[in-house]
Each structure stands twice: as C-alpha cells, then as structure tokens.
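One structure is given below, encoded as structure tokens.
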Amino acid sequence: MGEITRAEVLKRAQYWVDRKFIYSQVQHRPDPQGRTYRTDCSGLISMAWRLSIQPDTTALFRWSGKMNVRLEDLRPGDAFVRPKSSPHGGHAELFARWVDPKDPKKGCYVYSFNNDRETVNNPSTESNLGNRGKRSWNDMNKGFQGIRYLKITEDAPKPPPPKPQPQAQKHILREPDFRISIVVGGAPFLLTLDEYKAMGSPMYTSVPAGTFASMPGVIADGTVIRTYTDGVISIVAGGARYRFTPAEYAAMKNPAFVNLPPRLLSVLDTSPNDGTMLRDHTNGDIYQITGNAKYYLKDGGWDDLGRPGFTNVPPGFIASITATVPVEPTFLRHVKTGAIHQVVGGYGYHLTPEEYELLHRPAFTDVPVGRLNSLSVRPAEGTLLRDVSDGVIWRVDGVGRSQVDPSAFAAAREGPAAVDVPPGLLAKLD
C-alpha cells in the first residue's frame, strides 16, 4: 500500500497499545485510518506495515513482499517470524529497538500480541497481564527469522537548526535530538522536515529530553485547529474533529486556532470518545456520547452525573452523530446504583459482579438511568457474540441465537468482530 517510514510503523503499533486492544484470532480492530486488521501477532505486523493483506505467520514467513535479514541486523520497524511448522510454534513480533545498540546479545524491545485476551506487549508499558515487550537474545534465536518489509523507508533526517526568529514560539518545541513538535491542545505532534519548512521554519522553544513523552497524548476538548494547506477550521472534542462551516465559525465568535499540517488530522476519530459531553452553544442542550451514539441529558441527567465539564460546539457537530442507541460495544454504569451494563448491538445487559470480573473489569462510562432505559430490548439482528467462558461464537437472529461455524468465521478476514460476553447474556436470548 505504498512506502512507509520506520517511525510511522512504530507509531501505528503504538496506536493499538494506546487503545488497549485485546488479542484475538477472530476479532478485527481499526488502524488510524479505519481499516480493520486481525488482532493477533501477524495481524499487528500487517497493521503496522499498513499492508492490504493479512497473512498468518506461515504465509508471512514465505511472503514475497519482504526480505530476510540476520537477527543482529534488525532495525526499528523490522520483524522476526517463525512458521507454524517450527518446533516452537508459529509466531511473529515487531522489532522496536535494541536494549544496547552496540550489543544485540543483550536483547531487544518489541511490539507483540502473545496471549488470549491480553493487550499488546510493548517497550514502554506493561500489558493488562503484567508483561513487557522485551525479548532476550536466546528468545530471538528460538526458530525466528529476521524480515524487512520491502517498502519500508528510512526516517527523515534531523532538521538543521532554523534561522533565528525575533521570538520563540511557545507551541513549537524542540528536544536536544533535534525533534520538533507543535503543541496542539496540550499534546505534542512531531513535525517532518517538510512540514516544518511549510510552516515557515518558525523559531522554536528548546525543551529538555523527554518533554514530549511527558505530555498528554490527546488534544484537549474545545481546541480549534486549521489546516494550513486548505484553510479548513475544525473543533476537537473527545478525540474527534468537526469541520466548521463559515457561518458556524462566525457564530462561535471566530475562536483562535492552531495552524496544523494536514497529516496530523489522521490521529482524530470521526466520533467522540465515550463519556464526551457536547453542549449545543445555541440552546444549551447537553449530550453525552457513548458507543458512537448521542444521548440528550434531559430531566436532570446532567445534574445526576455531577454536572461534568462539556465542550461548546455548533449544533451541526451534534447532528453529525446520527445514532441515538450505541452502535459500538461499550460498558455503561448507572451513576446512582453502580450497576454496570454491557452494551452490544444496542442491547444493555446488567452484569453481575462475577461477570464483570470474568470480562477482566473493562472500563465503563457513568450514565443516568435514562440512557440505560433507552437501550434496545435485544441485540440487533446479525450481532456476533463470543461466549467468554468457552469461546463459542453466536449470531443473533430473529428468534434467538444460532451458533456460528468456527472454521468459517476464522477464515473470514473482513466483517464484524465477535464481542466477548458472559454466558448469562447469551441465555437471555433463548
């Protein structure tokens, strides 16, 4: 799907880490552009390399789109793989960096999907099962072959110091290694040399090493941005971007904006994150976002939630979120009783404490009772549910549920993913 830099490969792998996606050989999850990939070891590599195919470990081992390299010659964004026929079993991991660049035998850091229902092992944080993405040289030599994607390219060279400007820009920061970021809504975004030049090579503010890593990873709600290539102005809320019309921007009194390269828009979603509060600035109506759907907080719902902060937005932003029943799997907690509901296919199932533990205590959003009462009485037809206790996959149909042939489901590379649910939810469909 075209050339990709080593830095972009690692950034894409980190995208799945930040979203805490779980290992599964049947589920698919999106990359930053919305294309879905299988959440297993080779699927992670396919996503990071931005491939149009999703080979398993054996197919990746034989794939013509890569070249073999010695393990000691691996560079960031390369991988190592062994086929299913290996005595150690099929597996693949994305190489991030050496523990000691001068001595590969001290091991390396990786991005890797290893265990069922575990988040991505990665260099910087432990997974939900307490594992770090670090491999010894002995681990790497257990049947693995180093591989390099033929379309991977080296990262842009470090930019030279810019020409002095009358005054340093506080939102343009440079670390000692010459990396320059623009700060947008409190979050730093690394600029390429071409992007920095296109912005006029503004004077930067020098900051200590590690500053970027210590800053927030998401843009603050209410930040207004403008792409300098086309002049389009947008507002950000809940990690999503809404494009102003000229009339909407004027109606909000022409708020100040930050000029951005268009590439940075790729990190923003189309729908706000769960729990985001949007307030129609024309009439004061407040909506809560959950599962890519909106809920109007009427009859004291906002008060019940403790009057949380909101973002003033044009009514067009709210209208662009058309769903009123959650269309994505989510977990909602009754703010007064503490009862937690799993929402799948628009249906809300009240989890027992034991079932919540069985699902590994997923994150939830506090909601008023009205939101729970607005849910459907059963999941939408065609919803795929996976019994977390035995792995059996079921499809919701017009009369109840029907079991899905596991071989047919595993062979499918696209389509909706099955959602892990407790057996009690499935029993409700009988």
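Convention: chains lettered A, B, ... in structure tokens order; per-chain residue numbering from 1; ligands numbered from 1 as shown.
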
Quick one: pick out all alpha helix (DSSP H) residues within stretch 167-291 of chain A from a backbone DSSP run and write them as a PyMOL selection string. chain A and resi 193-198+211-214+246-251

Selected residues written out with N, CA and C atoms, as an mmCIF file, in the first residue's frame:
```
data_model
loop_
_atom_site.group_PDB
_atom_site.id
_atom_site.type_symbol
_atom_site.label_atom_id
_atom_site.label_comp_id
_atom_site.auth_asym_id
_atom_site.auth_seq_id
_atom_site.Cartn_x
_atom_site.Cartn_y
_atom_site.Cartn_z
ATOM 1 N N LEU A 193 10.458 17.331 8.438
ATOM 2 C CA LEU A 193 11.226 18.488 7.998
ATOM 3 C C LEU A 193 10.428 19.314 6.981
ATOM 4 N N ASP A 194 9.756 18.627 6.051
ATOM 5 C CA ASP A 194 8.968 19.347 5.044
ATOM 6 C C ASP A 194 7.829 20.130 5.687
ATOM 7 N N GLU A 195 7.174 19.533 6.699
ATOM 8 C CA GLU A 195 6.076 20.232 7.374
ATOM 9 C C GLU A 195 6.588 21.457 8.126
ATOM 10 N N TYR A 196 7.743 21.289 8.757
ATOM 11 C CA TYR A 196 8.318 22.410 9.495
ATOM 12 C C TYR A 196 8.664 23.560 8.550
ATOM 13 N N LYS A 197 9.220 23.199 7.399
ATOM 14 C CA LYS A 197 9.550 24.240 6.415
ATOM 15 C C LYS A 197 8.291 24.899 5.867
ATOM 16 N N ALA A 198 7.232 24.094 5.630
ATOM 17 C CA ALA A 198 5.987 24.640 5.098
ATOM 18 C C ALA A 198 5.343 25.620 6.063
ATOM 19 N N THR A 211 10.585 15.644 27.240
ATOM 20 C CA THR A 211 9.438 16.545 27.410
ATOM 21 C C THR A 211 8.228 16.022 26.640
ATOM 22 N N PHE A 212 8.430 15.605 25.387
ATOM 23 C CA PHE A 212 7.308 15.155 24.568
ATOM 24 C C PHE A 212 6.627 13.944 25.194
ATOM 25 N N ALA A 213 7.437 13.013 25.701
ATOM 26 C CA ALA A 213 6.872 11.789 26.282
ATOM 27 C C ALA A 213 6.058 12.072 27.535
ATOM 28 N N SER A 214 6.375 13.179 28.226
ATOM 29 C CA SER A 214 5.665 13.502 29.472
ATOM 30 C C SER A 214 4.378 14.272 29.233
ATOM 31 N N PRO A 246 -18.390 28.218 7.498
ATOM 32 C CA PRO A 246 -18.061 29.622 7.801
ATOM 33 C C PRO A 246 -19.073 30.262 8.749
ATOM 34 N N ALA A 247 -20.362 29.940 8.575
ATOM 35 C CA ALA A 247 -21.389 30.527 9.436
ATOM 36 C C ALA A 247 -21.250 30.023 10.877
ATOM 37 N N GLU A 248 -20.937 28.729 11.051
ATOM 38 C CA GLU A 248 -20.777 28.175 12.403
ATOM 39 C C GLU A 248 -19.575 28.802 13.103
ATOM 40 N N TYR A 249 -18.492 28.986 12.372
ATOM 41 C CA TYR A 249 -17.292 29.582 12.972
ATOM 42 C C TYR A 249 -17.571 31.019 13.407
ATOM 43 N N ALA A 250 -18.301 31.752 12.579
ATOM 44 C CA ALA A 250 -18.645 33.127 12.936
ATOM 45 C C ALA A 250 -19.586 33.161 14.131
ATOM 46 N N ALA A 251 -20.535 32.196 14.173
ATOM 47 C CA ALA A 251 -21.499 32.161 15.276
ATOM 48 C C ALA A 251 -20.814 31.881 16.607
#
```

Excluding A:Glu357 and its own-chain neighbours fewer than 5 positions away, which residues fall within 12 Å of it when counting only C-alpha atoms? Please give them as a ChimeraX atom specification. /A:340,351-352,362-363,388,421-422

Counting only C-alpha atoms, what are the residues of stretch 124-223 of chain A within 12 Å of stretch 32-48 of chain A, and for each of them which pair of atoms is the nearest and at what distance in Å, to one decimal? Sort the table by chain and rising number, as a Markdown table.
```
| residue | atom | partner | partner_atom | distance |
| --- | --- | --- | --- | --- |
| A:Ile147 | CA | A:Ile45 | CA | 11.3 |
| A:Arg148 | CA | A:Ile45 | CA | 11.2 |
| A:Tyr149 | CA | A:Ile45 | CA | 10.1 |
| A:Ile152 | CA | A:Ala48 | CA | 10.8 |
```

Pick from A:Phe61, A:Trp394, A:Phe409, A:Tyr287, whichever lies nearest to A:Gly382 using only C-alpha atoms: A:Trp394

Which residues are near stretch 229-241 of chain A? Cut-off 10 Å, only C-alpha atoms, ignore same chain within fewer than 4 positions. Put them as a PyMOL selection string. chain A and resi 185+198-199+218-225+245-246+249+254-262+265+267-278+289+310-314+317

Okay, now the selection with N, CA and C atoms, as a short mmCIF file (atom, residue, chain, number, x, y, z; two decimals), in the first residue's frame?
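selection-v5.cif was written with the following content:
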```cif
data_model
loop_
_atom_site.label_atom_id
_atom_site.label_comp_id
_atom_site.auth_asym_id
_atom_site.auth_seq_id
_atom_site.Cartn_x
_atom_site.Cartn_y
_atom_site.Cartn_z
N GLY A 185 -3.52 21.83 21.70
CA GLY A 185 -4.38 21.44 22.81
C GLY A 185 -3.64 20.67 23.88
N ALA A 198 7.23 24.09 5.63
CA ALA A 198 5.99 24.64 5.10
C ALA A 198 5.34 25.62 6.06
N MET A 199 5.65 25.46 7.35
CA MET A 199 5.12 26.39 8.34
C MET A 199 5.98 27.65 8.46
N VAL A 218 -3.44 13.21 23.83
CA VAL A 218 -4.66 13.56 23.10
C VAL A 218 -4.88 15.07 23.17
N ILE A 219 -5.52 15.60 22.14
CA ILE A 219 -5.81 17.03 22.07
C ILE A 219 -6.93 17.38 23.05
N ALA A 220 -6.77 18.47 23.77
CA ALA A 220 -7.78 18.89 24.75
C ALA A 220 -9.09 19.25 24.05
N ASP A 221 -10.20 18.91 24.71
CA ASP A 221 -11.52 19.26 24.18
C ASP A 221 -11.64 20.77 23.98
N GLY A 222 -12.30 21.16 22.89
CA GLY A 222 -12.52 22.57 22.61
C GLY A 222 -11.42 23.23 21.82
N THR A 223 -10.32 22.49 21.54
CA THR A 223 -9.24 23.06 20.74
C THR A 223 -9.72 23.30 19.30
N VAL A 224 -9.38 24.45 18.76
CA VAL A 224 -9.75 24.78 17.38
C VAL A 224 -8.49 24.71 16.52
N ILE A 225 -8.56 24.00 15.41
CA ILE A 225 -7.40 23.78 14.55
C ILE A 225 -7.71 24.22 13.12
N THR A 245 -18.55 25.11 9.33
CA THR A 245 -18.93 25.91 8.17
C THR A 245 -18.54 27.36 8.49
N PRO A 246 -18.39 28.22 7.50
CA PRO A 246 -18.06 29.62 7.80
C PRO A 246 -19.07 30.26 8.75
N TYR A 249 -18.49 28.99 12.37
CA TYR A 249 -17.29 29.58 12.97
C TYR A 249 -17.57 31.02 13.41
N ASN A 254 -15.55 33.38 16.11
CA ASN A 254 -14.24 33.25 15.47
C ASN A 254 -13.13 32.91 16.48
N PRO A 255 -13.23 31.76 17.15
CA PRO A 255 -12.20 31.42 18.15
C PRO A 255 -10.82 31.25 17.53
N ALA A 256 -9.79 31.51 18.34
CA ALA A 256 -8.42 31.37 17.87
C ALA A 256 -8.13 29.90 17.53
N PHE A 257 -7.26 29.71 16.53
CA PHE A 257 -6.95 28.35 16.09
C PHE A 257 -5.44 28.15 16.04
N VAL A 258 -5.05 26.86 15.91
CA VAL A 258 -3.64 26.48 15.73
C VAL A 258 -3.49 25.97 14.30
N ASN A 259 -2.53 26.49 13.55
CA ASN A 259 -2.26 26.01 12.20
C ASN A 259 -1.55 24.67 12.25
N LEU A 260 -2.06 23.70 11.48
CA LEU A 260 -1.53 22.34 11.51
C LEU A 260 -1.22 21.82 10.12
N PRO A 261 -0.23 20.92 10.01
CA PRO A 261 -0.09 20.15 8.77
C PRO A 261 -1.27 19.19 8.63
N PRO A 262 -1.75 18.93 7.42
CA PRO A 262 -2.92 18.05 7.26
C PRO A 262 -2.68 16.63 7.75
N LEU A 265 -4.24 15.38 11.08
CA LEU A 265 -5.66 15.09 11.23
C LEU A 265 -5.92 13.59 11.30
N VAL A 267 -4.87 11.44 13.27
CA VAL A 267 -4.97 10.90 14.62
C VAL A 267 -6.35 11.14 15.22
N LEU A 268 -7.21 11.90 14.54
CA LEU A 268 -8.52 12.24 15.08
C LEU A 268 -9.58 11.30 14.53
N ASP A 269 -10.51 10.89 15.40
CA ASP A 269 -11.58 9.99 15.02
C ASP A 269 -12.74 10.77 14.40
N THR A 270 -13.76 10.01 13.96
CA THR A 270 -14.96 10.64 13.40
C THR A 270 -16.05 10.80 14.44
N SER A 271 -15.95 10.06 15.54
CA SER A 271 -16.95 10.18 16.61
C SER A 271 -16.23 10.33 17.94
N PRO A 272 -16.73 11.18 18.85
CA PRO A 272 -16.05 11.41 20.12
C PRO A 272 -15.99 10.15 20.99
N ASN A 273 -15.01 10.14 21.88
CA ASN A 273 -14.83 9.03 22.81
C ASN A 273 -16.01 8.93 23.77
N ASP A 274 -16.18 7.73 24.35
CA ASP A 274 -17.22 7.52 25.35
C ASP A 274 -17.07 8.52 26.50
N GLY A 275 -18.18 9.06 26.95
CA GLY A 275 -18.19 9.99 28.07
C GLY A 275 -18.05 11.45 27.68
N THR A 276 -17.77 11.73 26.42
CA THR A 276 -17.64 13.12 25.97
C THR A 276 -18.96 13.86 26.13
N MET A 277 -18.89 15.09 26.63
CA MET A 277 -20.08 15.93 26.80
C MET A 277 -20.05 17.06 25.78
N LEU A 278 -21.06 17.12 24.93
CA LEU A 278 -21.17 18.17 23.93
C LEU A 278 -22.36 19.06 24.26
N ILE A 289 -21.90 11.26 24.86
CA ILE A 289 -21.56 10.32 23.80
C ILE A 289 -21.12 8.99 24.40
N PHE A 310 -18.17 20.21 29.84
CA PHE A 310 -18.65 19.96 28.48
C PHE A 310 -17.87 20.84 27.51
N THR A 311 -18.05 20.58 26.24
CA THR A 311 -17.46 21.39 25.19
C THR A 311 -18.56 22.06 24.39
N ASN A 312 -18.52 23.38 24.29
CA ASN A 312 -19.48 24.11 23.47
C ASN A 312 -19.17 23.87 21.99
N VAL A 313 -20.17 23.42 21.25
CA VAL A 313 -19.97 23.08 19.84
C VAL A 313 -21.16 23.59 19.03
N PRO A 314 -21.00 23.69 17.70
CA PRO A 314 -22.15 24.06 16.86
C PRO A 314 -23.17 22.91 16.84
N PHE A 317 -22.30 19.77 14.76
CA PHE A 317 -21.45 18.71 15.32
C PHE A 317 -22.33 17.63 15.93
#
```

Within 7 Å of A:Cys108, counting only C-alpha atoms, which residues qualify if same-chain residues fewer than 3 places away don't, as a VMD selection string? chain A and resid 97 to 99 134 to 136

Taking the chain letters and numbering used in this document, name the residues of stretch 347-391 of chain A that DSSP puts in strand (DSSP E or B), as a list in words.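 Of stretch 347-391 of chain A, only Tyr347, Gly348, Tyr349, His350, Thr365, Asp366, Val367, Ser376, Leu384, Leu385, Arg386 and Asp387 of chain A fall in strand (DSSP E or B).
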
Just checking: using only C-alpha atoms, which residue out of A:His360, A:Arg19, A:Arg75, A:Arg333 ends up closest to A:Leu372?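 Smallest distance to A:Leu372 is found for A:Arg333.
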